[in-house]
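Asks: Once you've had a glance at the structure underneath, I'll fire off some questions.
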Amino acid sequence: MATIWDDLTLFLTVWGTLCVYSYTFKDNPFWKWGTNTLVGGYIAYSAISNIDYMAKNVINPMMTKVNWVHVAAILVGFLWYFRFWKKYYYLYRYALAISVGSGIGITLAKSVSSNIIKQVASTMLPLYGTGTLRGDFDNIVIVVSVLSVMTYFIFTIAHEGPVGKPIGWISKVGRWVLVITFGIDFGNVIAARMSLFIGTVKTLMLPQHQTLFAIIGTVIMIYLVGTELAKRRKVAPEITAP
Amino acid sequence: MAAILRRREIPIALTAFFALYMMIVYHFDYPWFSENSQLTKDIQDFARILGIMALGLGYIAIVRLHGGYIARRVKHPQHWFWSLWLLIVLTITTIVGLPIGNFGMRSVQLQYVYNSILMPMRGAMYAVVAFYIASAAYRVFLARNKEAAVMLILASIMMLTNAPVGELLGEWVGATGSWLLTVPSMGGNRGLRICGALGSLVLAWRMITGRETGYLRGAVEGAGE
Amino acid sequence: MAESIWTKMSKIDARWLFLFLWIVVLAPFIVSISLPMKISALTNQWYNYLNDMPDGSVVLWSWDVSFAGWSEMEASGVAVTKLLRKLMEERDFRIIMIGHRSECGPLPEIVLKDLGMHPDQTAEYGKKYCHLGYMAGGSVAMINFAKDIRSVMPVDWWGTPLDDLPVMDGINTIQDIDLCIYIESGGTAAITQWVIPYGTKLMLCSVQGNVPGQMPNLQAGLIKGMLGGLRGGAELEKLTGFLGVGNINITAFSSAHLVIMAFIVLANITFFIRRARREI
């Protein structure tokens, strides 16, 4: 059986979504309500998610057996909050330095393998003898694309002289490869953004939301168009006055 | 003591130590010095919990900022009641989300909060970009030169490949889009990825050797460095 | 001098364009139209790789989708969960769900509830599938998880110790997991933290915008399959027969794309005519 909270959820879903979309018409109080509600809710939600994780997976297990590494990390972790204390703000750098250093070390060791070595190795493709003309052609295009794009980013050699001129020609090819790459990326980004919009429209068009969508949408549109027309009517006499 | 702790050399040394340790240990396999040794596990566990402890930074920053707007409401007459509303929502979400009594992450009350506010509005917030893409498609995506024209044509082919309606034009649309994605675009992305990785290696080395200290510069109102 | 119609068209208020986009996207929801949709080679590759896994495989179903990205990834998320449930029932797969961001504790819970797999709805929870919840700590947590799952996640999302869940018997490290399916809306650290050090097999469900960037990884063999965005989700729904939001949204997806292309064509026609008439 639906409770008042279920009805409120239905209302807020449609209301909140349309408040956010109202920004596309102009800045307005509905939009301000929407952003402030979302920011307040999301910041709190992120913080309590992490508190819940700590409580369940770090602090609770310590009730049976103390993990001194975790205790030390929690104590050092309080250094983060000195960021807000003018007198001792420099103490937060210690927590930051450990976090940044760990992040760099953890990611870099393997990223050299995944982003450089494996990628270069996968570019060592046979340019001839794959069995099909199409296969040979594709491999040639891949190798030329990778090498030309990498050459494009060599900015320390001038494109003149016996060495620089060939690098300049290869750079030009790399530029065109980047044009192709960004064109394809762009087509996919459009698809991604449209999907986000369509997903929210689908939510608004669910049977339980349709009536609310129609009513709230009409109310917001009347307000926005009405205030816009009123604003123009106020401005117009000043422009047309002699 | 404070003068010593203020110096940047110690945090830079800490960054260097942790970065080099994590990088070097990956390549060794001694019982006492490897990715699976107890010391390494403890250090990584320490770093993990330390990172999670930063959970309240954004929360406190928001409360300070909007609390300031409310405190100085005479100076910000148009801001302060929105800030008050933000703090009210923040407080309600925090109360229903904390693991106290019937509340908590799995409570019905928090489910109402994220079903009614977080999920739909966050989706809508990102979806607004779709409108600006539509507007940009009309105003900005012009074939002013050869490169722009090629980019537009290829983007159009990709759009027709992604959308089922493109298949009405024939098999060539999907085949061309698929080839473009898996061959030249893949090569270009690989080149970008390798160059990006080399750049991040250089940046990491600069941070380890202390030449890049931007990450240590924090902003505190009125505190000079 | 009066402005020509081409100049007026180039200065049209953006809000009319937004209204047109709204109408075009709403229309397919009001008037149901179905367009033919071919299953792409990428989706076929993804599906076949999962299907070819041996019976009894352990699958880590990793969630890294924001509430925002869920609008796009809902089709994939639900279709993959239904497919994994089918494999669990018919071929003895074991499914371990985990979240890498704060939203990915409740989001999988919502999907489980919709599919009748929530622990409040069925006694089967924990026997062949479980949801570990949100794992805080990012990349560092992923490394620790790889070495010892219980050191990072001693209990599941509802607080049950992992040792009390039959599905977790013998699953202690990432090397006990046969396949990781990772749904993401903003990149993944799984390649650097799981694939490179441990050789974990990884398949991605990524947002459409990330597909070109991940193609080098696919070609290099670092990922075994890629499902892209709404289209990928809709194709998987069609392939598996589990029709859902993907197939509902895909017509609107087509019409939105047609609108964008129409805007681009119209804008360029206007531009070239104005240039020929020396108005710019």
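Here's how to read the names in the structure tokens: chain A, B, ... by the order shown, residue numbers from 1 in each chain, ligand numbers from 1 in the order shown.
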Got a sec: who's within 9 Å of Ile24 in chain B, counting only C-alpha atoms, leaving out chain neighbours fewer than 6 positions off, as JSON, numbers by chain?

Replies: {"A": [105, 109], "B": [34]}

Asks: Mind writing the picked residues with N, CA and C atoms as a PDB file, in the first residue's frame?

Replies:
ATOM      1  N   GLY A 105      52.668   5.894  -6.696  1.00  0.00           N
ATOM      2  CA  GLY A 105      53.398   4.624  -6.747  1.00  0.00           C
ATOM      3  C   GLY A 105      52.543   3.468  -7.198  1.00  0.00           C
ATOM      4  N   ALA A 109      53.457   2.083 -11.349  1.00  0.00           N
ATOM      5  CA  ALA A 109      54.188   0.837 -11.570  1.00  0.00           C
ATOM      6  C   ALA A 109      53.486  -0.004 -12.637  1.00  0.00           C
TER       7      ALA A 109
ATOM      8  N   SER B  34      58.060  -7.652  -1.144  1.00  0.00           N
ATOM      9  CA  SER B  34      57.297  -7.924  -2.361  1.00  0.00           C
ATOM     10  C   SER B  34      55.919  -7.317  -2.175  1.00  0.00           C
TER      11      SER B  34
END

Asks: If you take only C-alpha atoms and a cut-off of 6 Å, which residues of chain C touch chain B, and what are their nearest atom pairs and distances in Å to one decimal, in chain and number order, as CSV?

Replies:
residue,atom,partner,partner_atom,distance
C:Ala14,CA,B:Ser135,CA,5.9
C:Phe18,CA,B:Phe131,CA,5.9
C:Met37,CA,B:Pro164,CA,5.3
C:Phe67,CA,B:Met119,CA,5.1
C:Ala68,CA,B:Gly123,CA,3.8
C:Gly137,CA,B:Arg48,CA,5.2
C:Val140,CA,B:Arg48,CA,5.5
C:Gly213,CA,B:Asn189,CA,5.9
C:Met215,CA,B:Met186,CA,5.6
C:Pro216,CA,B:Arg190,CA,5.5
C:Ser254,CA,B:Ala163,CA,4.8
C:Ile260,CA,B:Ala134,CA,5.9
C:Phe263,CA,B:Tyr138,CA,4.9
C:Ile264,CA,B:Ala137,CA,5.2
C:Ala267,CA,B:Tyr138,CA,5.1
C:Asn268,CA,B:Leu142,CA,5.6

Asks: Write the selection just made, keeping C-alpha atoms, as a PDB file, in the first residue's frame?

Replies:
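Printed below is result_39.pdb as written:
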ATOM      1  CA  ALA C  14      18.585  28.376 -28.340  1.00  0.00           C
ATOM      2  CA  PHE C  18      15.747  22.855 -26.745  1.00  0.00           C
ATOM      3  CA  MET C  37      18.630  -3.049 -34.750  1.00  0.00           C
ATOM      4  CA  PHE C  67      23.595   8.050 -10.310  1.00  0.00           C
ATOM      5  CA  ALA C  68      24.122  10.280 -13.328  1.00  0.00           C
ATOM      6  CA  GLY C 137      39.532   3.551  -0.962  1.00  0.00           C
ATOM      7  CA  VAL C 140      44.547   1.190  -3.077  1.00  0.00           C
ATOM      8  CA  GLY C 213      39.459   5.311 -25.467  1.00  0.00           C
ATOM      9  CA  MET C 215      39.600   0.246 -27.964  1.00  0.00           C
ATOM     10  CA  PRO C 216      43.428   0.125 -27.616  1.00  0.00           C
ATOM     11  CA  SER C 254      17.671   7.400 -32.839  1.00  0.00           C
ATOM     12  CA  ILE C 260      21.464  16.682 -33.871  1.00  0.00           C
ATOM     13  CA  PHE C 263      20.844  20.871 -36.702  1.00  0.00           C
ATOM     14  CA  ILE C 264      24.383  20.345 -38.007  1.00  0.00           C
ATOM     15  CA  ALA C 267      23.610  25.229 -39.579  1.00  0.00           C
ATOM     16  CA  ASN C 268      26.176  24.404 -42.256  1.00  0.00           C
TER      17      ASN C 268
END

Asks: Write out as CSV a residue-level contact list of chain C versus chain A with cut-off 8 Å: for each qualifying residue the closest pair of atoms and the distance in Å to one decimal, counting only C-alpha atoms, rows sorted by chain and residue number upward.

Replies:
residue,atom,partner,partner_atom,distance
C:Arg15,CA,A:Phe25,CA,6.2
C:Phe18,CA,A:Thr24,CA,7.6
C:Val25,CA,A:Ile198,CA,7.0
C:Leu26,CA,A:Val201,CA,7.2
C:Phe29,CA,A:Met205,CA,7.1
C:Ala68,CA,A:Leu196,CA,7.3
C:Gly69,CA,A:Leu196,CA,6.9
C:Trp70,CA,A:Leu196,CA,7.9
C:Ser71,CA,A:Gly199,CA,4.3
C:Glu72,CA,A:Ser195,CA,5.1
C:Ser102,CA,A:Ser49,CA,5.6
C:Tyr134,CA,A:Tyr53,CA,7.1
C:Met135,CA,A:Tyr53,CA,7.2
C:Ala136,CA,A:Asn50,CA,6.5
C:Ser139,CA,A:Ile106,CA,7.6
C:Val140,CA,A:Ile106,CA,7.1
C:Val152,CA,A:Asn57,CA,6.9
C:Met153,CA,A:Asn57,CA,6.0
C:Pro154,CA,A:Asn57,CA,6.0
C:Val155,CA,A:Asn57,CA,6.7
C:Gly159,CA,A:Lys56,CA,7.0
C:Ile191,CA,A:Ser114,CA,7.3
C:Thr192,CA,A:Lys110,CA,5.2
C:Gln193,CA,A:Lys110,CA,7.2
C:Ile196,CA,A:Lys110,CA,6.5
C:Pro197,CA,A:Lys110,CA,7.4
C:Val207,CA,A:Ala192,CA,6.4
C:Gln208,CA,A:Ala192,CA,5.1
C:Gly209,CA,A:Val189,CA,4.4
C:Asn210,CA,A:Asn188,CA,8.0
C:Val211,CA,A:Asn188,CA,7.6
C:Pro212,CA,A:Asp185,CA,6.2
C:Pro216,CA,A:Gln119,CA,7.1
C:Asn217,CA,A:Gln119,CA,7.6
C:Gln219,CA,A:Ser122,CA,7.3
C:Ala220,CA,A:Ser122,CA,5.2
C:Leu222,CA,A:Ser114,CA,7.9
C:Gly229,CA,A:Ala192,CA,6.8
C:Leu230,CA,A:Ser195,CA,6.3
C:Asn249,CA,A:Ile198,CA,6.6
C:Ala252,CA,A:Ile198,CA,6.8
C:Phe253,CA,A:Ser195,CA,6.6
C:Ala256,CA,A:Met194,CA,6.8
C:His257,CA,A:Ala191,CA,7.4

Asks: Tell me which of B:Pro77, B:Ser107, B:Met151, B:Leu65 sits closest to chain A, counting only C-alpha atoms.

Replies: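 Among the listed residues, B:Met151 lies closest to chain A.
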
Asks: Just the residues within 12 Å of Asp120 in chain C, please, counting only C-alpha atoms, with nothing from its chain fewer than 6 positions along; format it as an mmCIF file with C-alpha atoms, in the first residue's frame.

Replies:
data_model
loop_
_atom_site.group_PDB
_atom_site.id
_atom_site.type_symbol
_atom_site.label_atom_id
_atom_site.label_comp_id
_atom_site.auth_asym_id
_atom_site.auth_seq_id
_atom_site.Cartn_x
_atom_site.Cartn_y
_atom_site.Cartn_z
ATOM 1 C CA GLU C 109 20.521 -3.332 -4.247
ATOM 2 C CA LEU C 112 18.408 -7.022 -6.956
ATOM 3 C CA LYS C 113 15.102 -5.893 -5.458
ATOM 4 C CA ASP C 114 13.552 -5.359 -8.898
ATOM 5 C CA GLY C 126 24.329 -15.847 -0.240
ATOM 6 C CA TRP C 158 23.936 -6.118 4.932
#

Asks: With only C-alpha atoms as the atoms that count, which of B:Ala19, B:Ile60, B:Ile208, B:Val202 lies nearest to chain A?

Replies: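 Checking each of B:Ala19, B:Ile60, B:Ile208, B:Val202 against chain A, counting only C-alpha atoms, the winner is B:Ala19.
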
Asks: For CA of Gly105 in chain C and CA of Gly16 in chain A, quote the distance in Å rounded to one decimal.

Replies: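 Computing the Euclidean distance for CA of Gly105 in chain C and CA of Gly16 in chain A yields 22.6 Å.
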
Asks: Mind pulling up the distance from CA of Thr213 in chain B to CA of Arg8 in chain B?

Replies: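 Answer for the CA of Arg8 in chain B to CA of Thr213 in chain B separation: 8.6 Å.
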
Asks: Choose the residue, out of A:Val163, A:Met150, A:Val225, A:Leu127, that has the smallest atom-to-atom separation from chain B; count only C-alpha atoms.

Replies: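 Of the candidates, the smallest distance to chain B is held by A:Met150.
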
Asks: Neighbouring residues of Ser148 in chain A were defined as those with any atom within 12 Å, considering only C-alpha atoms; residues of the same chain fewer than 3 positions away were excluded. Please report them as a PyMOL selection string.

Replies: (chain A and resi 140-145+151-154+166-178) or (chain B and resi 184+187-192+195)

Asks: What does the file look like for those residues with N, CA and C atoms, as a short mmCIF file (atom, residue, chain, number, x, y, z; two decimals), in the first residue's frame?

Replies:
data_model
loop_
_atom_site.label_atom_id
_atom_site.label_comp_id
_atom_site.auth_asym_id
_atom_site.auth_seq_id
_atom_site.Cartn_x
_atom_site.Cartn_y
_atom_site.Cartn_z
N ILE A 140 48.59 -1.78 -41.37
CA ILE A 140 49.39 -0.63 -41.82
C ILE A 140 48.78 0.67 -41.29
N VAL A 141 47.45 0.77 -41.39
CA VAL A 141 46.78 1.98 -40.91
C VAL A 141 47.02 2.15 -39.41
N ILE A 142 46.92 1.07 -38.64
CA ILE A 142 47.11 1.17 -37.18
C ILE A 142 48.52 1.64 -36.87
N VAL A 143 49.52 1.00 -37.49
CA VAL A 143 50.92 1.36 -37.20
C VAL A 143 51.19 2.81 -37.59
N VAL A 144 50.73 3.18 -38.78
CA VAL A 144 50.94 4.57 -39.23
C VAL A 144 50.24 5.54 -38.30
N SER A 145 49.02 5.21 -37.87
CA SER A 145 48.26 6.11 -36.97
C SER A 145 49.02 6.32 -35.67
N THR A 151 54.48 11.19 -33.21
CA THR A 151 55.40 12.17 -33.81
C THR A 151 54.82 13.57 -33.71
N TYR A 152 53.50 13.68 -33.84
CA TYR A 152 52.86 15.00 -33.75
C TYR A 152 53.20 15.69 -32.44
N PHE A 153 53.37 14.91 -31.37
CA PHE A 153 53.62 15.50 -30.05
C PHE A 153 55.09 15.77 -29.78
N ILE A 154 55.94 15.62 -30.80
CA ILE A 154 57.35 16.02 -30.62
C ILE A 154 57.43 17.50 -30.96
N PRO A 166 61.08 15.62 -42.63
CA PRO A 166 60.29 14.37 -42.60
C PRO A 166 59.41 14.28 -41.35
N ILE A 167 59.96 14.76 -40.22
CA ILE A 167 59.15 14.75 -38.99
C ILE A 167 57.92 15.64 -39.18
N GLY A 168 58.11 16.76 -39.88
CA GLY A 168 56.98 17.66 -40.17
C GLY A 168 55.92 16.97 -41.01
N TRP A 169 56.34 16.20 -42.04
CA TRP A 169 55.35 15.52 -42.89
C TRP A 169 54.57 14.48 -42.07
N ILE A 170 55.36 13.72 -41.26
CA ILE A 170 54.70 12.68 -40.44
C ILE A 170 53.75 13.35 -39.44
N SER A 171 54.16 14.49 -38.91
CA SER A 171 53.30 15.24 -37.97
C SER A 171 51.98 15.63 -38.62
N LYS A 172 52.06 16.01 -39.90
CA LYS A 172 50.84 16.41 -40.62
C LYS A 172 49.89 15.22 -40.72
N VAL A 173 50.45 14.03 -41.00
CA VAL A 173 49.63 12.82 -41.05
C VAL A 173 49.01 12.58 -39.66
N GLY A 174 49.85 12.78 -38.63
CA GLY A 174 49.37 12.59 -37.25
C GLY A 174 48.23 13.54 -36.93
N ARG A 175 48.33 14.76 -37.45
CA ARG A 175 47.27 15.74 -37.22
C ARG A 175 45.95 15.26 -37.81
N TRP A 176 46.04 14.70 -39.02
CA TRP A 176 44.81 14.20 -39.65
C TRP A 176 44.27 12.98 -38.91
N VAL A 177 45.16 12.14 -38.41
CA VAL A 177 44.71 10.99 -37.61
C VAL A 177 43.99 11.49 -36.36
N LEU A 178 44.52 12.55 -35.76
CA LEU A 178 43.85 13.11 -34.57
C LEU A 178 42.49 13.70 -34.93
N PRO B 184 41.58 3.35 -37.49
CA PRO B 184 42.31 4.61 -37.34
C PRO B 184 42.09 5.31 -35.99
N GLY B 187 44.09 3.55 -33.40
CA GLY B 187 45.49 3.92 -33.50
C GLY B 187 45.74 5.30 -32.90
N GLY B 188 44.87 6.25 -33.23
CA GLY B 188 45.02 7.60 -32.69
C GLY B 188 44.91 7.60 -31.17
N ASN B 189 43.91 6.86 -30.64
CA ASN B 189 43.74 6.79 -29.18
C ASN B 189 44.92 6.12 -28.52
N ARG B 190 45.49 5.13 -29.20
CA ARG B 190 46.66 4.46 -28.62
C ARG B 190 47.83 5.44 -28.55
N GLY B 191 48.04 6.21 -29.64
CA GLY B 191 49.10 7.21 -29.63
C GLY B 191 48.90 8.20 -28.50
N LEU B 192 47.66 8.65 -28.32
CA LEU B 192 47.35 9.59 -27.24
C LEU B 192 47.63 8.95 -25.88
N CYS B 195 51.43 8.69 -25.26
CA CYS B 195 51.99 10.02 -24.96
C CYS B 195 51.51 10.52 -23.60
#

Asks: Name all residues at most 9 Å from Ser57 in chain C (count only C-alpha atoms; drop same-chain ones fewer than 5 positions away) and give them as a ChimeraX atom specification.

Replies: /C:91-95,177-179
